[in-house]
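Remarks on the structure that follows.
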Amino acid sequence: MALAPPSPIDTARLQVRQVSEDHLPALLGINGDPEVTKFLPYPTWNSLTDGQAWFKRMQLIQESGAALQFVVIDKQTDQAVGTCLLFRHDEGSARAELGYVVARACWGRGYMHEALGALVACAFTTMGLRRLEAEVDPRNAASGRLLQRLGFVREGLLRERWVDKGEAHDVEAYGLLKREWTGSAEVAGR
Ligand SMILES: CC(C)(COP(=O)(O)OP(=O)(O)OC[C@H]1O[C@@H](n2cnc3c(N)ncnc32)[C@H](O)[C@@H]1OP(=O)(O)O)[C@@H](O)C(=O)NCCC(=O)NCCS
C-alpha cells in the first residue's frame, strides 16, 4: 500500500503540507543556494526548469507510493521556508527515510526540529510506520544534532555510500523506532 498523504499538519509556527507547483519559486530560493546543497546528494538548482524537473520526478515517485514530499510553510508570512520528505517507503517493514532542507536565512531557529517533530509524530501514528531512517554527511553537524534531539540514534557509518558533486562520501546512518520514540508536544492541538 502507498504512503497515504496526511492532512496539513500545524505546529506553533509552521504548517507541513504536500508540495505543489506553486511552491517552486520559493524552493528555487532555497535549493539554488550552494551552502544549502553543500552536504546534499543533488546539484544546486540553477533555474525554475531544475525545480520543474524535480517536481515531475517527485510526482512519479509519489504516484508509485514510495514517497511523500512536503513543504514547510511559515504561517506568519505564508512563505515556504523549507521542505521535508518521507521516501524509500518499505511497506513490509513499515519503514521510510527522512529528508529535509531549510532556507539558509532561517537556520538555527528550530524550524526543522518543529517541522520534523510533527512529521515524525504523524509517521508513527496516522501513517503506521515503525522505523524512520536518515543518512547524513558526517560534516553536516547541524543535521546530526537535529536528528539526535529528535531521538534518532546514530547506528553506524556507511562508507562511500554517496557519490555527490564528483566525489564519494561516507554517510552516517541514523534510525528511530516507534517503540523508543517519546513523542512531540509541538504539534498544535496535541
Ligand atoms: C540541517 C538543517 C535542516 C537544520 O535546520 P534548522 O531549522 O536550522 O534546525 P534546528 O534549528 O531545528 O536545529 C539545528 C540544531 O543544530 C545545531 N547546529 C547548527 N549548526 C551547527 C553546527 N555547525 N555544529 C553543531 N550544531 C549545529 C543548532 O544549534 C540546533 O541544535 P540545538 O537545537 O541543540 O540548538 C539546516 O541546517 C539545513 O537545511 N541544512 C542544509 C540542508 C541539509 O543539510 N539537510 C539535511 C540533509 S541530511
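Each chain in the C-alpha cells gets a letter, A, B, ..., in the order shown, and its residues are numbered from 1; ligands are numbered from 1 in order too.
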What's around stretch 4-11 of chain A at 12 Å? Count only C-alpha atoms, leave out sequence neighbours fewer than 6 positions away in its own chain, and write the answer as a PyMOL selection string. chain A and resi 17-19+62-76+85-86+89+91+110-123+125-129+184-190
Mind dumping a table of every stretch 54-162 of chain A residue within 7 Å of stretch 33-43 of chain A, with the nearest atom pair and its distance in Å to one decimal, using only C-alpha atoms, sorted by chain and rising number, as JSON lines?
```
{"residue": "A:Arg104", "atom": "CA", "partner": "A:Val36", "partner_atom": "CA", "distance": 6.4}
{"residue": "A:Asp137", "atom": "CA", "partner": "A:Phe39", "partner_atom": "CA", "distance": 6.1}
{"residue": "A:Asn140", "atom": "CA", "partner": "A:Phe39", "partner_atom": "CA", "distance": 6.5}
{"residue": "A:Trp162", "atom": "CA", "partner": "A:Pro41", "partner_atom": "CA", "distance": 6.8}
```
Output of the above residues as a PDB file, in the first residue's frame, restricted to N, CA, C and O atoms:
```
ATOM      1  N   ARG A 104      18.527  29.062   4.069  1.00  0.00           N
ATOM      2  CA  ARG A 104      19.674  29.455   4.906  1.00  0.00           C
ATOM      3  C   ARG A 104      19.320  30.595   5.866  1.00  0.00           C
ATOM      4  O   ARG A 104      19.775  30.612   7.008  1.00  0.00           O
ATOM      5  N   ASP A 137      25.723  13.333   5.888  1.00  0.00           N
ATOM      6  CA  ASP A 137      27.161  13.540   5.697  1.00  0.00           C
ATOM      7  C   ASP A 137      27.780  13.864   7.065  1.00  0.00           C
ATOM      8  O   ASP A 137      27.278  14.746   7.768  1.00  0.00           O
ATOM      9  N   ASN A 140      28.051  17.347   8.326  1.00  0.00           N
ATOM     10  CA  ASN A 140      26.822  18.131   8.491  1.00  0.00           C
ATOM     11  C   ASN A 140      26.376  18.095   9.956  1.00  0.00           C
ATOM     12  O   ASN A 140      25.424  17.414  10.335  1.00  0.00           O
ATOM     13  N   TRP A 162      27.519   7.725  -0.826  1.00  0.00           N
ATOM     14  CA  TRP A 162      27.029   8.696  -1.812  1.00  0.00           C
ATOM     15  C   TRP A 162      28.143   9.097  -2.752  1.00  0.00           C
ATOM     16  O   TRP A 162      29.277   9.331  -2.314  1.00  0.00           O
TER      17      TRP A 162
END
```
Spatial neighbours of stretch 173-180 of chain A, max dist 9 Å, only C-alpha atoms, sep filter under 2 positions, as a PyMOL selection string: chain A and resi 97+124-125+129-136+144+147-148+150-158+171+182
Take the residues from that selection and write them out as a PDB file, in the first residue's frame, keeping N, CA and C atoms.
```pdb
ATOM      1  N   GLU A  97      12.530   6.636   4.910  1.00  0.00           N
ATOM      2  CA  GLU A  97      13.670   7.516   5.186  1.00  0.00           C
ATOM      3  C   GLU A  97      13.191   8.970   5.188  1.00  0.00           C
ATOM      4  N   PHE A 124       4.519   7.950  12.803  1.00  0.00           N
ATOM      5  CA  PHE A 124       4.395   6.841  13.758  1.00  0.00           C
ATOM      6  C   PHE A 124       2.954   6.595  14.204  1.00  0.00           C
ATOM      7  N   THR A 125       2.057   7.549  13.938  1.00  0.00           N
ATOM      8  CA  THR A 125       0.665   7.346  14.371  1.00  0.00           C
ATOM      9  C   THR A 125      -0.219   7.140  13.134  1.00  0.00           C
ATOM     10  N   LEU A 129       3.922   3.852  10.492  1.00  0.00           N
ATOM     11  CA  LEU A 129       5.318   3.403  10.321  1.00  0.00           C
ATOM     12  C   LEU A 129       5.899   3.000  11.679  1.00  0.00           C
ATOM     13  N   ARG A 130       6.930   2.155  11.639  1.00  0.00           N
ATOM     14  CA  ARG A 130       7.549   1.712  12.892  1.00  0.00           C
ATOM     15  C   ARG A 130       9.030   2.013  12.971  1.00  0.00           C
ATOM     16  N   ARG A 131       9.626   2.431  11.847  1.00  0.00           N
ATOM     17  CA  ARG A 131      11.045   2.802  11.861  1.00  0.00           C
ATOM     18  C   ARG A 131      11.278   3.921  10.848  1.00  0.00           C
ATOM     19  N   LEU A 132      12.014   4.946  11.270  1.00  0.00           N
ATOM     20  CA  LEU A 132      12.424   6.024  10.373  1.00  0.00           C
ATOM     21  C   LEU A 132      13.942   6.040  10.309  1.00  0.00           C
ATOM     22  N   GLU A 133      14.442   6.373   9.117  1.00  0.00           N
ATOM     23  CA  GLU A 133      15.894   6.375   8.903  1.00  0.00           C
ATOM     24  C   GLU A 133      16.318   7.707   8.298  1.00  0.00           C
ATOM     25  N   ALA A 134      17.600   8.046   8.468  1.00  0.00           N
ATOM     26  CA  ALA A 134      18.147   9.223   7.789  1.00  0.00           C
ATOM     27  C   ALA A 134      19.626   8.971   7.549  1.00  0.00           C
ATOM     28  N   GLU A 135      20.119   9.507   6.442  1.00  0.00           N
ATOM     29  CA  GLU A 135      21.549   9.410   6.119  1.00  0.00           C
ATOM     30  C   GLU A 135      22.115  10.824   6.084  1.00  0.00           C
ATOM     31  N   VAL A 136      23.237  11.015   6.765  1.00  0.00           N
ATOM     32  CA  VAL A 136      23.785  12.360   6.943  1.00  0.00           C
ATOM     33  C   VAL A 136      25.277  12.359   6.667  1.00  0.00           C
ATOM     34  N   GLY A 144      23.060  16.290  12.080  1.00  0.00           N
ATOM     35  CA  GLY A 144      23.257  15.240  13.087  1.00  0.00           C
ATOM     36  C   GLY A 144      22.664  15.651  14.432  1.00  0.00           C
ATOM     37  N   LEU A 147      18.817  15.513  14.374  1.00  0.00           N
ATOM     38  CA  LEU A 147      18.284  14.149  14.484  1.00  0.00           C
ATOM     39  C   LEU A 147      18.408  13.630  15.913  1.00  0.00           C
ATOM     40  N   GLN A 148      19.561  13.897  16.539  1.00  0.00           N
ATOM     41  CA  GLN A 148      19.754  13.402  17.904  1.00  0.00           C
ATOM     42  C   GLN A 148      18.748  14.035  18.859  1.00  0.00           C
ATOM     43  N   LEU A 150      15.831  14.858  18.108  1.00  0.00           N
ATOM     44  CA  LEU A 150      14.526  14.228  17.851  1.00  0.00           C
ATOM     45  C   LEU A 150      14.473  12.796  18.381  1.00  0.00           C
ATOM     46  N   GLY A 151      15.596  12.308  18.880  1.00  0.00           N
ATOM     47  CA  GLY A 151      15.639  10.960  19.453  1.00  0.00           C
ATOM     48  C   GLY A 151      16.278   9.917  18.563  1.00  0.00           C
ATOM     49  N   PHE A 152      16.728  10.311  17.362  1.00  0.00           N
ATOM     50  CA  PHE A 152      17.382   9.348  16.463  1.00  0.00           C
ATOM     51  C   PHE A 152      18.706   8.882  17.065  1.00  0.00           C
ATOM     52  N   VAL A 153      19.053   7.639  16.771  1.00  0.00           N
ATOM     53  CA  VAL A 153      20.297   7.041  17.244  1.00  0.00           C
ATOM     54  C   VAL A 153      21.241   6.888  16.054  1.00  0.00           C
ATOM     55  N   ARG A 154      22.493   7.272  16.254  1.00  0.00           N
ATOM     56  CA  ARG A 154      23.494   7.063  15.198  1.00  0.00           C
ATOM     57  C   ARG A 154      23.848   5.584  15.189  1.00  0.00           C
ATOM     58  N   GLU A 155      23.558   4.914  14.079  1.00  0.00           N
ATOM     59  CA  GLU A 155      23.686   3.448  14.049  1.00  0.00           C
ATOM     60  C   GLU A 155      24.941   2.962  13.344  1.00  0.00           C
ATOM     61  N   GLY A 156      25.627   3.870  12.660  1.00  0.00           N
ATOM     62  CA  GLY A 156      26.854   3.424  12.004  1.00  0.00           C
ATOM     63  C   GLY A 156      27.280   4.353  10.888  1.00  0.00           C
ATOM     64  N   LEU A 157      28.407   3.991  10.297  1.00  0.00           N
ATOM     65  CA  LEU A 157      28.960   4.774   9.190  1.00  0.00           C
ATOM     66  C   LEU A 157      28.933   3.909   7.935  1.00  0.00           C
ATOM     67  N   LEU A 158      28.301   4.423   6.879  1.00  0.00           N
ATOM     68  CA  LEU A 158      28.243   3.689   5.611  1.00  0.00           C
ATOM     69  C   LEU A 158      29.314   4.275   4.705  1.00  0.00           C
ATOM     70  N   VAL A 171      28.541   8.251   4.762  1.00  0.00           N
ATOM     71  CA  VAL A 171      27.388   8.858   5.435  1.00  0.00           C
ATOM     72  C   VAL A 171      27.131   8.160   6.765  1.00  0.00           C
ATOM     73  N   THR A 182       9.631   9.217  21.949  1.00  0.00           N
ATOM     74  CA  THR A 182       8.968   9.728  23.157  1.00  0.00           C
ATOM     75  C   THR A 182       7.888  10.741  22.835  1.00  0.00           C
TER      76      THR A 182
END
```
So that I can check the secondary structure, give me every residue of chain A assigned helix (DSSP H, G or I) by backbone DSSP, as a ChimeraX atom specification. /A:21-31,34-37,48-63,104-106,111-124,141-149,178-180
DSSP on the backbone, then: every residue of stretch 117-175 of chain A marked strand (DSSP E or B), written as a VMD selection string. chain A and resid 131 to 136 153 to 164 167 to 175
Nearest residue to A:Arg109 out of A:Leu27, A:Arg139, A:Ala168, A:Val81, using only C-alpha atoms?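 Of A:Leu27, A:Arg139, A:Ala168, A:Val81, the one nearest A:Arg109 is A:Val81, counting only C-alpha atoms.
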With distances taken over only C-alpha atoms and all ligand atoms, which residue among A:Gly51, A:Leu14, A:Lys56, A:Glu160 lies nearest ligand 1?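 Of A:Gly51, A:Leu14, A:Lys56, A:Glu160, the one nearest ligand 1, counting only C-alpha atoms and all ligand atoms, is A:Leu14.
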